[in-house]
$ cat input22.tsv   # TSV, C-alpha atoms
chain	number	residue	atom	x	y	z
A	1	MET	CA	85.55	135.85	110.41
A	2	THR	CA	84.30	132.42	109.67
A	3	ASP	CA	86.14	129.45	111.02
A	4	THR	CA	88.05	127.43	108.52
A	5	ASN	CA	86.07	124.30	108.19
A	6	VAL	CA	88.40	121.38	108.39
A	7	THR	CA	85.78	118.75	107.90
A	8	ASP	CA	87.70	115.65	107.16
A	9	PHE	CA	90.84	115.61	109.19
A	10	GLU	CA	89.56	112.60	111.12
A	11	HIS	CA	89.96	110.78	107.83
A	12	GLU	CA	93.43	112.15	107.25
A	13	ALA	CA	95.52	109.02	106.92
A	14	GLN	CA	98.32	108.36	109.33
A	15	PHE	CA	101.38	106.31	108.55
A	16	GLY	CA	99.78	103.21	110.06
A	17	ASP	CA	96.90	103.41	107.60
A	18	TYR	CA	99.28	103.14	104.68
A	19	PHE	CA	101.09	100.31	106.43
A	20	ALA	CA	97.75	98.51	106.89
A	21	LEU	CA	97.39	98.52	103.08
A	22	LEU	CA	100.24	96.04	102.98
A	23	LYS	CA	98.28	93.44	105.00
A	24	PRO	CA	100.90	93.01	107.76
A	25	ARG	CA	99.46	89.74	109.03
A	26	VAL	CA	99.69	88.10	105.63
A	27	MET	CA	103.15	89.61	105.27
A	28	SER	CA	104.30	87.96	108.50
A	29	LEU	CA	103.44	84.52	107.06
A	30	VAL	CA	105.24	85.41	103.83
A	31	ILE	CA	108.33	86.53	105.76
A	32	PHE	CA	108.36	83.33	107.81
A	33	THR	CA	107.90	80.88	104.91
A	34	ALA	CA	110.32	82.74	102.61
A	35	MET	CA	112.87	82.80	105.42
A	36	VAL	CA	112.53	79.04	105.94
A	37	GLY	CA	112.86	78.45	102.18
A	38	LEU	CA	116.08	80.45	102.22
A	39	LEU	CA	117.54	78.96	105.39
A	40	VAL	CA	116.89	75.28	104.63
A	41	ALA	CA	118.52	75.55	101.19
A	42	PRO	CA	121.85	73.72	100.91
A	43	VAL	CA	123.65	76.89	99.81
A	44	GLY	CA	124.62	79.58	102.30
A	45	VAL	CA	123.73	83.22	101.71
A	46	HIS	CA	125.49	86.31	103.03
A	47	PRO	CA	123.37	87.52	105.98
A	48	MET	CA	122.92	91.01	104.52
A	49	ILE	CA	121.83	89.60	101.16
A	50	GLY	CA	119.49	87.11	102.88
A	51	PHE	CA	117.98	89.84	105.05
A	52	SER	CA	117.47	92.19	102.10
A	53	ALA	CA	115.98	89.43	99.95
A	54	ILE	CA	113.42	88.52	102.62
A	55	LEU	CA	112.62	92.20	103.08
A	56	PHE	CA	111.99	92.71	99.35
A	57	ILE	CA	109.89	89.54	99.13
A	58	ALA	CA	107.83	90.94	102.02
A	59	VAL	CA	107.53	94.33	100.32
A	60	GLY	CA	106.38	92.59	97.12
A	61	ALA	CA	103.78	90.64	99.09
A	62	GLY	CA	102.67	93.85	100.81
A	63	ALA	CA	102.44	95.64	97.46
A	64	SER	CA	100.16	92.93	96.11
A	65	GLY	CA	98.07	93.33	99.28
A	66	ALA	CA	97.67	97.05	98.49
A	67	LEU	CA	96.73	96.28	94.87
A	68	ASN	CA	94.22	93.71	96.11
A	69	MET	CA	92.65	96.31	98.41
A	70	TRP	CA	92.47	98.74	95.48
A	71	TRP	CA	90.69	96.20	93.28
A	72	ASP	CA	88.43	94.71	95.96
A	73	ALA	CA	87.43	97.92	97.77
A	74	ASP	CA	83.76	97.35	96.86
A	75	ILE	CA	83.75	93.86	98.36
A	76	ASP	CA	85.72	94.96	101.44
A	77	ALA	CA	83.14	97.67	102.15
A	78	VAL	CA	80.30	95.19	102.61
A	79	MET	CA	82.07	92.39	104.50
A	80	GLY	CA	82.21	92.68	108.27
A	81	ARG	CA	85.72	91.20	108.40
A	82	THR	CA	87.17	93.79	105.99
A	83	LYS	CA	85.07	96.95	106.22
A	84	ARG	CA	87.55	98.66	108.56
A	85	ARG	CA	90.36	98.39	106.00
A	86	PRO	CA	91.94	101.73	104.99
A	87	ILE	CA	89.99	102.24	101.72
A	88	PRO	CA	86.44	101.35	102.87
A	89	SER	CA	86.95	103.35	106.08
A	90	GLY	CA	87.82	106.43	103.97
A	91	LYS	CA	91.37	106.89	105.29
A	92	VAL	CA	93.14	106.13	102.03
A	93	THR	CA	91.79	106.60	98.51
A	94	ALA	CA	91.73	103.74	96.01
A	95	ASP	CA	94.05	105.70	93.70
A	96	GLU	CA	96.62	106.08	96.48
A	97	ALA	CA	96.49	102.34	97.12
A	98	LEU	CA	97.01	101.68	93.40
A	99	ALA	CA	99.99	104.05	93.25
A	100	ILE	CA	101.59	102.58	96.36
A	101	GLY	CA	100.99	99.03	95.12
A	102	VAL	CA	102.48	99.60	91.68
A	103	ALA	CA	105.47	101.58	92.99
A	104	LEU	CA	106.32	99.08	95.73
A	105	SER	CA	105.87	96.10	93.37
A	106	ALA	CA	108.33	97.52	90.87
A	107	MET	CA	110.77	98.50	93.61
A	108	ALA	CA	110.61	95.06	95.28
A	109	VAL	CA	111.18	93.12	92.03
A	110	VAL	CA	114.07	95.30	90.84
A	111	MET	CA	115.75	95.29	94.27
A	112	LEU	CA	115.35	91.51	94.63
A	113	ALA	CA	116.96	91.05	91.21
A	114	LEU	CA	119.89	93.26	92.27
A	115	ALA	CA	120.21	91.64	95.70
A	116	SER	CA	119.95	88.01	94.58
A	117	ASN	CA	119.15	86.74	91.07
A	118	PHE	CA	116.74	87.04	88.17
A	119	LEU	CA	114.94	83.76	88.89
A	120	ALA	CA	113.94	84.88	92.39
A	121	ALA	CA	112.89	88.31	91.06
A	122	GLY	CA	110.94	86.69	88.21
A	123	LEU	CA	109.12	84.42	90.64
A	124	LEU	CA	108.24	87.43	92.81
A	125	ALA	CA	106.93	89.35	89.77
A	126	PHE	CA	104.89	86.33	88.72
A	127	THR	CA	103.48	85.97	92.25
A	128	ILE	CA	102.28	89.59	92.25
A	129	PHE	CA	100.81	89.18	88.76
A	130	PHE	CA	99.13	85.92	89.77
A	131	TYR	CA	97.61	87.34	92.95
A	132	ILE	CA	96.27	90.52	91.34
A	133	VAL	CA	95.38	89.56	87.78
A	134	VAL	CA	94.66	85.83	87.97
A	135	TYR	CA	93.18	85.67	91.49
A	136	SER	CA	91.73	89.10	92.37
A	137	MET	CA	90.62	90.31	88.93
A	138	TRP	CA	89.71	87.06	87.25
A	139	LEU	CA	88.96	84.11	89.49
A	140	LYS	CA	87.75	85.52	92.81
A	141	ARG	CA	84.41	86.77	91.53
A	142	TRP	CA	83.95	84.13	88.88
A	143	THR	CA	84.54	80.63	90.21
A	144	PRO	CA	84.11	78.85	93.55
A	145	GLN	CA	87.54	77.31	92.90
A	146	ASN	CA	88.97	80.82	93.52
A	147	ILE	CA	90.56	79.75	96.78
A	148	VAL	CA	92.23	76.68	95.26
A	149	ILE	CA	93.99	78.50	92.42
A	150	GLY	CA	94.48	81.75	94.32
A	151	GLY	CA	96.28	79.75	97.02
A	152	ALA	CA	99.19	79.43	94.61
A	153	ALA	CA	100.03	83.11	95.16
A	154	GLY	CA	100.55	82.48	98.87
A	155	ALA	CA	102.55	79.35	98.14
A	156	PHE	CA	105.38	80.99	96.18
A	157	PRO	CA	107.35	82.72	99.00
A	158	PRO	CA	109.32	79.66	100.22
A	159	MET	CA	110.09	78.84	96.59
A	160	ILE	CA	111.40	82.40	96.12
A	161	GLY	CA	113.48	82.10	99.30
A	162	TRP	CA	114.96	78.83	98.00
A	163	ALA	CA	115.68	80.48	94.62
A	164	VAL	CA	117.47	83.36	96.37
A	165	ALA	CA	119.90	80.86	97.91
A	166	THR	CA	120.28	78.28	95.14
A	167	GLY	CA	119.35	80.21	91.99
A	168	GLY	CA	117.11	77.31	90.98
A	169	VAL	CA	113.96	75.27	91.54
A	170	SER	CA	114.05	71.73	92.89
A	171	ILE	CA	111.80	69.02	94.31
A	172	GLU	CA	112.21	70.47	97.81
A	173	SER	CA	111.02	73.93	96.82
A	174	ILE	CA	108.18	72.45	94.76
A	175	LEU	CA	107.04	70.46	97.80
A	176	MET	CA	107.16	73.57	100.02
A	177	PHE	CA	105.00	75.29	97.39
A	178	ALA	CA	102.65	72.29	97.28
A	179	LEU	CA	102.31	72.23	101.06
A	180	ILE	CA	100.90	75.78	101.20
A	181	PHE	CA	98.95	75.31	97.97
A	182	MET	CA	97.12	72.22	99.26
A	183	TRP	CA	96.71	73.68	102.75
A	184	THR	CA	94.96	76.86	101.59
A	185	PRO	CA	91.57	75.39	100.50
A	186	PRO	CA	90.73	73.49	103.71
A	187	HIS	CA	91.97	76.47	105.76
A	188	PHE	CA	89.70	79.00	103.97
A	189	TRP	CA	86.73	76.72	103.52
A	190	ALA	CA	86.68	76.03	107.26
A	191	LEU	CA	86.57	79.82	107.72
A	192	ALA	CA	83.83	80.14	105.09
A	193	LEU	CA	81.72	77.56	106.91
A	194	PHE	CA	81.37	79.77	109.96
A	195	LEU	CA	81.56	83.17	108.16
A	196	ARG	CA	79.08	82.36	105.42
A	197	LYS	CA	77.01	85.51	105.76
A	198	ASP	CA	79.98	87.73	104.87
A	199	TYR	CA	80.61	86.05	101.54
A	200	ASP	CA	76.88	85.94	100.81
A	201	THR	CA	76.59	89.71	101.23
A	202	ALA	CA	79.62	90.41	99.08
A	203	GLY	CA	78.48	88.08	96.28
A	204	VAL	CA	81.84	86.30	96.22
A	205	PRO	CA	81.27	82.79	94.85
A	206	MET	CA	82.65	80.85	97.77
A	207	LEU	CA	82.03	77.12	97.59
A	208	THR	CA	79.69	77.39	100.58
A	209	VAL	CA	77.52	79.82	98.61
A	210	THR	CA	77.54	78.18	95.19
A	211	HIS	CA	77.56	74.46	96.00
A	212	GLY	CA	76.32	74.39	99.54
A	213	ARG	CA	77.81	73.40	102.81
A	214	ARG	CA	77.65	69.63	102.34
A	215	VAL	CA	79.88	69.89	99.26
A	216	THR	CA	82.25	72.22	101.14
A	217	ARG	CA	82.61	69.67	103.94
A	218	ASN	CA	83.40	66.98	101.35
A	219	HIS	CA	85.99	69.23	99.70
A	220	ILE	CA	87.70	69.98	103.02
A	221	LEU	CA	88.13	66.24	103.61
A	222	ILE	CA	89.41	65.56	100.07
A	223	TYR	CA	91.98	68.36	100.16
A	224	THR	CA	93.15	67.41	103.65
A	225	LEU	CA	93.67	63.83	102.50
A	226	LEU	CA	95.63	65.06	99.47
A	227	LEU	CA	97.66	67.44	101.64
A	228	ALA	CA	98.89	64.73	104.05
A	229	PRO	CA	101.16	62.82	101.58
A	230	VAL	CA	102.69	66.11	100.40
A	231	ALA	CA	103.46	67.19	103.95
A	232	VAL	CA	104.80	63.81	105.04
A	233	GLY	CA	106.61	63.24	101.74
A	234	MET	CA	108.68	66.37	102.26
A	235	GLY	CA	110.18	64.61	105.28
A	236	LEU	CA	111.84	62.12	102.92
A	237	THR	CA	113.65	64.76	100.84
A	238	SER	CA	117.03	66.33	101.55
A	239	ILE	CA	115.51	69.04	103.74
A	240	GLY	CA	113.57	66.56	105.89
A	241	GLY	CA	114.72	64.56	108.86
A	242	PRO	CA	113.37	62.44	111.71
A	243	VAL	CA	112.20	65.50	113.66
A	244	TYR	CA	110.21	66.82	110.73
A	245	LEU	CA	108.84	63.38	109.82
A	246	VAL	CA	107.50	62.72	113.33
A	247	ALA	CA	106.02	66.23	113.56
A	248	ALA	CA	104.41	65.89	110.12
A	249	LEU	CA	102.93	62.48	110.91
A	250	LEU	CA	101.39	63.73	114.17
A	251	MET	CA	100.03	66.97	112.73
A	252	ASN	CA	98.58	65.34	109.63
A	253	ALA	CA	96.91	62.62	111.67
A	254	TRP	CA	95.34	65.38	113.76
A	255	PHE	CA	94.38	67.45	110.72
A	256	VAL	CA	92.78	64.48	108.93
A	257	LYS	CA	90.90	63.62	112.12
A	258	GLY	CA	89.53	67.19	112.21
A	259	ALA	CA	88.55	67.04	108.53
A	260	VAL	CA	86.74	63.73	109.08
A	261	GLU	CA	84.83	65.27	112.00
A	262	ILE	CA	83.82	68.24	109.82
A	263	TRP	CA	82.76	65.84	107.06
A	264	ARG	CA	80.60	63.78	109.43
A	265	ARG	CA	78.71	66.79	110.78
A	266	ASP	CA	75.79	68.52	109.15
A	267	GLU	CA	74.53	72.07	109.48
A	268	ALA	CA	72.04	71.34	112.24
A	269	ILE	CA	74.73	69.93	114.51
A	270	ALA	CA	77.21	72.67	113.58
A	271	GLU	CA	74.75	75.46	114.24
A	272	ALA	CA	73.72	73.88	117.54
A	273	ASP	CA	77.26	74.11	118.91
A	274	SER	CA	78.18	77.37	117.07
A	275	TYR	CA	80.61	75.67	114.68
A	276	VAL	CA	82.97	74.64	117.47
A	277	VAL	CA	84.65	71.89	115.39
A	278	GLU	CA	85.03	74.10	112.31
A	279	LYS	CA	86.51	76.91	114.40
A	280	ALA	CA	88.94	74.52	116.10
A	281	PHE	CA	89.98	73.11	112.70
A	282	PHE	CA	90.59	76.63	111.38
A	283	ARG	CA	92.68	77.57	114.43
A	284	PHE	CA	94.69	74.36	114.18
A	285	SER	CA	95.29	74.98	110.47
A	286	LEU	CA	97.26	78.12	111.38
A	287	TYR	CA	99.51	76.17	113.75
A	288	TYR	CA	99.72	73.36	111.18
A	289	LEU	CA	101.48	75.50	108.61
A	290	PHE	CA	103.62	77.35	111.12
A	291	LEU	CA	104.78	74.12	112.76
A	292	HIS	CA	105.61	72.34	109.49
A	293	PHE	CA	107.90	75.16	108.42
A	294	GLY	CA	109.18	75.46	111.98
A	295	ALA	CA	110.10	71.76	111.93
A	296	LEU	CA	112.01	72.26	108.64
A	297	LEU	CA	113.94	75.05	110.33
A	298	VAL	CA	114.70	72.85	113.35
A	299	VAL	CA	116.02	70.10	111.05
A	300	ALA	CA	118.21	72.61	109.17
A	301	THR	CA	119.58	73.95	112.46
A	302	LEU	CA	120.30	70.46	113.80
A	303	ARG	CA	121.94	69.51	110.53
A	304	SER	CA	124.38	72.37	110.85
A	305	TYR	CA	125.56	70.66	114.06
A	306	GLY	CA	125.77	67.29	112.30
A	307	LEU	CA	122.47	66.05	113.73
A	308	GLY	CA	118.91	65.63	112.65
A	309	GLY	CA	119.11	65.22	108.88
A	310	TRP	CA	119.01	62.07	106.79
B	311	MET	CA	90.43	134.77	115.81
B	312	ALA	CA	93.95	133.55	116.18
B	313	ILE	CA	95.16	130.87	113.88
B	314	LYS	CA	96.11	127.83	115.89
B	315	ALA	CA	99.66	126.96	114.99
B	316	GLU	CA	99.48	123.28	115.79
B	317	HIS	CA	96.30	121.66	114.58
B	318	GLU	CA	95.43	117.99	114.93
B	319	ILE	CA	95.88	117.67	111.18
B	320	HIS	CA	99.53	118.72	111.50
B	321	LYS	CA	100.18	116.02	114.06
B	322	ARG	CA	98.68	113.43	111.77
B	323	ARG	CA	100.72	114.64	108.82
B	324	PHE	CA	103.87	114.67	110.94
B	325	SER	CA	103.48	110.97	111.70
B	326	ARG	CA	103.20	110.32	107.98
B	327	ASN	CA	106.18	112.44	107.05
B	328	ALA	CA	108.32	111.01	109.83
B	329	GLY	CA	107.40	107.47	108.70
B	330	VAL	CA	108.32	108.16	105.09
B	331	GLY	CA	111.54	109.82	106.20
B	332	LEU	CA	112.55	106.82	108.29
B	333	LEU	CA	111.71	104.47	105.43
B	334	LEU	CA	113.92	106.43	103.04
B	335	VAL	CA	116.81	106.43	105.52
B	336	GLY	CA	116.30	102.68	105.99
B	337	PHE	CA	116.31	102.13	102.23
B	338	VAL	CA	119.58	104.01	101.85
B	339	ALA	CA	121.08	101.94	104.67
B	340	ILE	CA	119.99	98.71	102.99
B	341	VAL	CA	121.38	99.69	99.59
B	342	PHE	CA	124.66	100.64	101.28
B	343	GLY	CA	124.75	97.36	103.23
B	344	LEU	CA	123.98	95.36	100.09
B	345	THR	CA	126.74	97.15	98.22
B	346	VAL	CA	129.27	96.35	100.95
B	347	ALA	CA	128.12	92.70	101.02
B	348	LYS	CA	128.28	92.34	97.23
B	349	VAL	CA	131.69	93.99	96.93
B	350	SER	CA	133.12	91.94	99.79
B	351	GLN	CA	132.07	88.77	97.94
B	352	LEU	CA	134.12	89.71	94.91
B	353	GLY	CA	137.33	88.67	96.65
B	354	ALA	CA	140.50	90.72	96.67
B	355	VAL	CA	140.21	93.84	94.60
B	356	GLN	CA	143.47	95.22	93.30
B	357	GLY	CA	143.91	98.91	93.74
B	358	PHE	CA	147.44	99.90	92.74
B	359	ASP	CA	146.83	103.40	91.52
B	360	HIS	CA	149.95	105.36	90.60
B	361	VAL	CA	152.25	102.39	91.20
B	362	LEU	CA	153.21	99.43	89.07
B	363	ARG	CA	151.13	96.31	89.64
B	364	PRO	CA	153.26	93.57	91.23
B	365	GLU	CA	152.31	91.12	88.46
B	366	LEU	CA	153.67	93.42	85.79
B	367	ILE	CA	156.97	93.69	87.59
B	368	GLU	CA	157.09	89.90	88.05
B	369	SER	CA	156.30	89.23	84.38
B	370	GLY	CA	158.86	91.82	83.25
B	371	LYS	CA	161.74	89.94	84.88

$ encode --input "input22.tsv" --output "structure tokens"
Amino acid sequence: MTDTNVTDFEHEAQFGDYFALLKPRVMSLVIFTAMVGLLVAPVGVHPMIGFSAILFIAVGAGASGALNMWWDADIDAVMGRTKRRPIPSGKVTADEALAIGVALSAMAVVMLALASNFLAAGLLAFTIFFYIVVYSMWLKRWTPQNIVIGGAAGAFPPMIGWAVATGGVSIESILMFALIFMWTPPHFWALALFLRKDYDTAGVPMLTVTHGRRVTRNHILIYTLLLAPVAVGMGLTSIGGPVYLVAALLMNAWFVKGAVEIWRRDEAIAEADSYVVEKAFFRFSLYYLFLHFGALLVVATLRSYGLGGW
Amino acid sequence: MAIKAEHEIHKRRFSRNAGVGLLLVGFVAIVFGLTVAKVSQLGAVQGFDHVLRPELIESGK
């Protein structure tokens, strides 16, 4: 009798492989910013409704991650940073990712509408559409401004969280959107400066590839300078307070200083020290966003005790 | 040759099935929790089956 040849069970996907389709690390940022948007809003939300809303926003974000992996499987396969993702590694097929993405997107939008309101659900649907159709399908492979416009998709979650609580859009939620939107380009371009080879291989028109590294350094400085007034300005709105304002001033001074350093360097210097400044700027950019939203949360908490707000 | 009852592939599939099962149970729990939260926000719900509603008696006086 011949042995049954089970050739491919090593590639048999486990639950974790499907979970990895949802880009858990991106999802954690979405959960955090959406939660802050919801908690700093002036209207209280029933804890169960708030919890469910954040969960469905996260599922929607995860679904768009799966759809992105379905569409970009060819790029992911050639980039070092992404070639171990479930589709290029052969664990999950592209069709499965598509099915999971579509099913979870629909489920997340419908459930968010039932749990909260149609505005929040509409914003979530638009975010998924924007990330997949506008960013992944249209802009990413076509223009070096892909990061700038695509950043909008990542900027919606706090606005959705705010809409869950208030049922509307206001200057505060627009500024939270603007903070992430303006933060995304310098964050990714700093990464592209020291990961250039990846984007070269994949043929993605990153600014570093199409316009060169000098132009990228200029753009990082410009966007960081434009980001600072947005971040500090939020401190003057109803969700700001002295704690946030001081934190924003310090972090933006530090961020602008880093951008100026990147701008003043050229490739020879950067290569000589293995992009130490660019890497430090990138690392700080992660804390930058986390701490701004963290400071908003601190202000909201203090305000509930009659302290800390304007 | 004996057929091995528990193959590596079964273990892998079990993790998948168990994960999906837990997700479904979690989803049911969330829908139930949401329903309770939504209904509790409606305020007092009158439920005077098989008896006269107090308001009707009041207005009939």

$ atom_distance --input "input22.tsv" --atom1 "atom CA of Val338 of chain B" --atom2 "atom CA of Phe130 of chain A"
29.9 Å

$ closest_atom_pairs --input "input22.tsv" --of "chain A" --to "chain B" --cutoff "7 Å" --atoms "only C-alpha atoms" --output "tab-separated table"
residue	atom	partner	partner_atom	distance
A:Phe9	CA	B:Ile319	CA	5.8
A:Gln14	CA	B:Arg326	CA	5.4
A:Phe15	CA	B:Arg326	CA	4.4
A:Met48	CA	B:Leu344	CA	6.3
A:Ile49	CA	B:Leu344	CA	6.2
A:Ala115	CA	B:Leu344	CA	6.9

$ residues_around --input "input22.tsv" --residues "Ala41 of chain A" --least-positions-apart "5" --cutoff "8 Å" --atoms "all atoms listed in the file" --output "ChimeraX atom specification"
/A:162,165-166,239

$ atom_distance --input "input22.tsv" --atom1 "atom CA of Val169 of chain A" --atom2 "atom CA of Gly101 of chain A"
27.3 Å

$ residues_around --input "input22.tsv" --residues "segment 27-30 of chain A" --least-positions-apart "5" --cutoff "7 Å" --atoms "all atoms listed in the file" --output "PyMOL selection string"
chain A and resi 58+61-62+157

$ atom_distance --input "input22.tsv" --atom1 "atom CA of Gly241 of chain A" --atom2 "atom CA of Leu296 of chain A"
8.2 Å

$ residues_around --input "input22.tsv" --residues "Pro144 of chain A" --least-positions-apart "3" --cutoff "9 Å" --atoms "only C-alpha atoms" --output "MDAnalysis selection string"
chainID A and resid 139:141 147:148 204:211

$ residues_around --input "input22.tsv" --residues "Ala77 of chain A" --least-positions-apart "2" --cutoff "12 Å" --atoms "all atoms listed in the file" --output "list in words"
Met69, Trp70, Trp71, Asp72, Ala73, Asp74, Ile75, Met79, Gly80, Arg81, Thr82, Lys83, Arg84, Arg85, Pro86, Ile87, Pro88, Ser89, Gly90, Asp198, Tyr199, Thr201 and Ala202 of chain A

$ closest_residue --input "input22.tsv" --among "A:Val78, A:Leu286, A:Arg25, A:Phe19" --to "Leu333 of chain B" --atoms "all atoms listed in the file"
A:Phe19

$ closest_residue --input "input22.tsv" --among "A:Asp273, A:Ile262, A:Leu191, A:Met176" --to "Leu227 of chain A" --atoms "only C-alpha atoms"
A:Met176

$ closest_residue --input "input22.tsv" --among "A:Thr301, A:Asn117, A:Thr93, A:Thr127" --to "Ser64 of chain A" --atoms "all atoms listed in the file"
A:Thr127

$ residues_around --input "input22.tsv" --residues "Gly65 of chain A" --least-positions-apart "2" --cutoff "6 Å" --atoms "all atoms listed in the file" --output "PyMOL selection string"
chain A and resi 22-23+62-63+67-68

$ build_atoms --input "input22.tsv" --residues "segment 76-93 of chain A" --atoms "N, CA and C atoms" --output "mmCIF file, in the frame of the given file"
data_model
loop_
_atom_site.group_PDB
_atom_site.id
_atom_site.type_symbol
_atom_site.label_atom_id
_atom_site.label_comp_id
_atom_site.auth_asym_id
_atom_site.auth_seq_id
_atom_site.Cartn_x
_atom_site.Cartn_y
_atom_site.Cartn_z
ATOM 1 N N ASP A 76 85.271 94.711 100.061
ATOM 2 C CA ASP A 76 85.720 94.960 101.440
ATOM 3 C C ASP A 76 84.714 95.819 102.206
ATOM 4 N N ALA A 77 84.052 96.745 101.476
ATOM 5 C CA ALA A 77 83.140 97.670 102.150
ATOM 6 C C ALA A 77 81.905 96.978 102.712
ATOM 7 N N VAL A 78 81.530 95.836 102.140
ATOM 8 C CA VAL A 78 80.300 95.190 102.610
ATOM 9 C C VAL A 78 80.547 93.979 103.514
ATOM 10 N N MET A 79 81.806 93.551 103.632
ATOM 11 C CA MET A 79 82.070 92.390 104.500
ATOM 12 C C MET A 79 82.528 92.855 105.882
ATOM 13 N N GLY A 80 81.906 92.285 106.904
ATOM 14 C CA GLY A 80 82.210 92.680 108.270
ATOM 15 C C GLY A 80 83.686 92.572 108.603
ATOM 16 N N ARG A 81 84.315 91.486 108.091
ATOM 17 C CA ARG A 81 85.720 91.200 108.400
ATOM 18 C C ARG A 81 86.653 92.263 107.808
ATOM 19 N N THR A 82 86.236 92.925 106.727
ATOM 20 C CA THR A 82 87.170 93.790 105.990
ATOM 21 C C THR A 82 86.732 95.254 105.912
ATOM 22 N N LYS A 83 85.572 95.595 106.469
ATOM 23 C CA LYS A 83 85.070 96.950 106.220
ATOM 24 C C LYS A 83 85.846 98.042 106.954
ATOM 25 N N ARG A 84 86.732 97.654 107.888
ATOM 26 C CA ARG A 84 87.550 98.660 108.560
ATOM 27 C C ARG A 84 88.909 98.845 107.886
ATOM 28 N N ARG A 85 89.099 98.215 106.733
ATOM 29 C CA ARG A 85 90.360 98.390 106.000
ATOM 30 C C ARG A 85 90.501 99.846 105.539
ATOM 31 N N PRO A 86 91.724 100.297 105.235
ATOM 32 C CA PRO A 86 91.940 101.730 104.990
ATOM 33 C C PRO A 86 91.062 102.342 103.892
ATOM 34 N N ILE A 87 90.783 101.627 102.805
ATOM 35 C CA ILE A 87 89.990 102.240 101.720
ATOM 36 C C ILE A 87 88.502 102.326 102.102
ATOM 37 N N PRO A 88 87.856 101.213 102.508
ATOM 38 C CA PRO A 88 86.440 101.350 102.870
ATOM 39 C C PRO A 88 86.194 102.298 104.041
ATOM 40 N N SER A 89 87.171 102.437 104.955
ATOM 41 C CA SER A 89 86.950 103.350 106.080
ATOM 42 C C SER A 89 87.222 104.805 105.700
ATOM 43 N N GLY A 90 87.663 105.054 104.462
ATOM 44 C CA GLY A 90 87.820 106.430 103.970
ATOM 45 C C GLY A 90 89.144 107.069 104.335
ATOM 46 N N LYS A 91 90.086 106.305 104.891
ATOM 47 C CA LYS A 91 91.370 106.890 105.290
ATOM 48 C C LYS A 91 92.294 107.074 104.083
ATOM 49 N N VAL A 92 92.247 106.112 103.182
ATOM 50 C CA VAL A 92 93.140 106.130 102.030
ATOM 51 C C VAL A 92 92.270 105.995 100.779
ATOM 52 N N THR A 93 92.599 106.735 99.728
ATOM 53 C CA THR A 93 91.790 106.600 98.510
ATOM 54 C C THR A 93 92.270 105.397 97.703
#
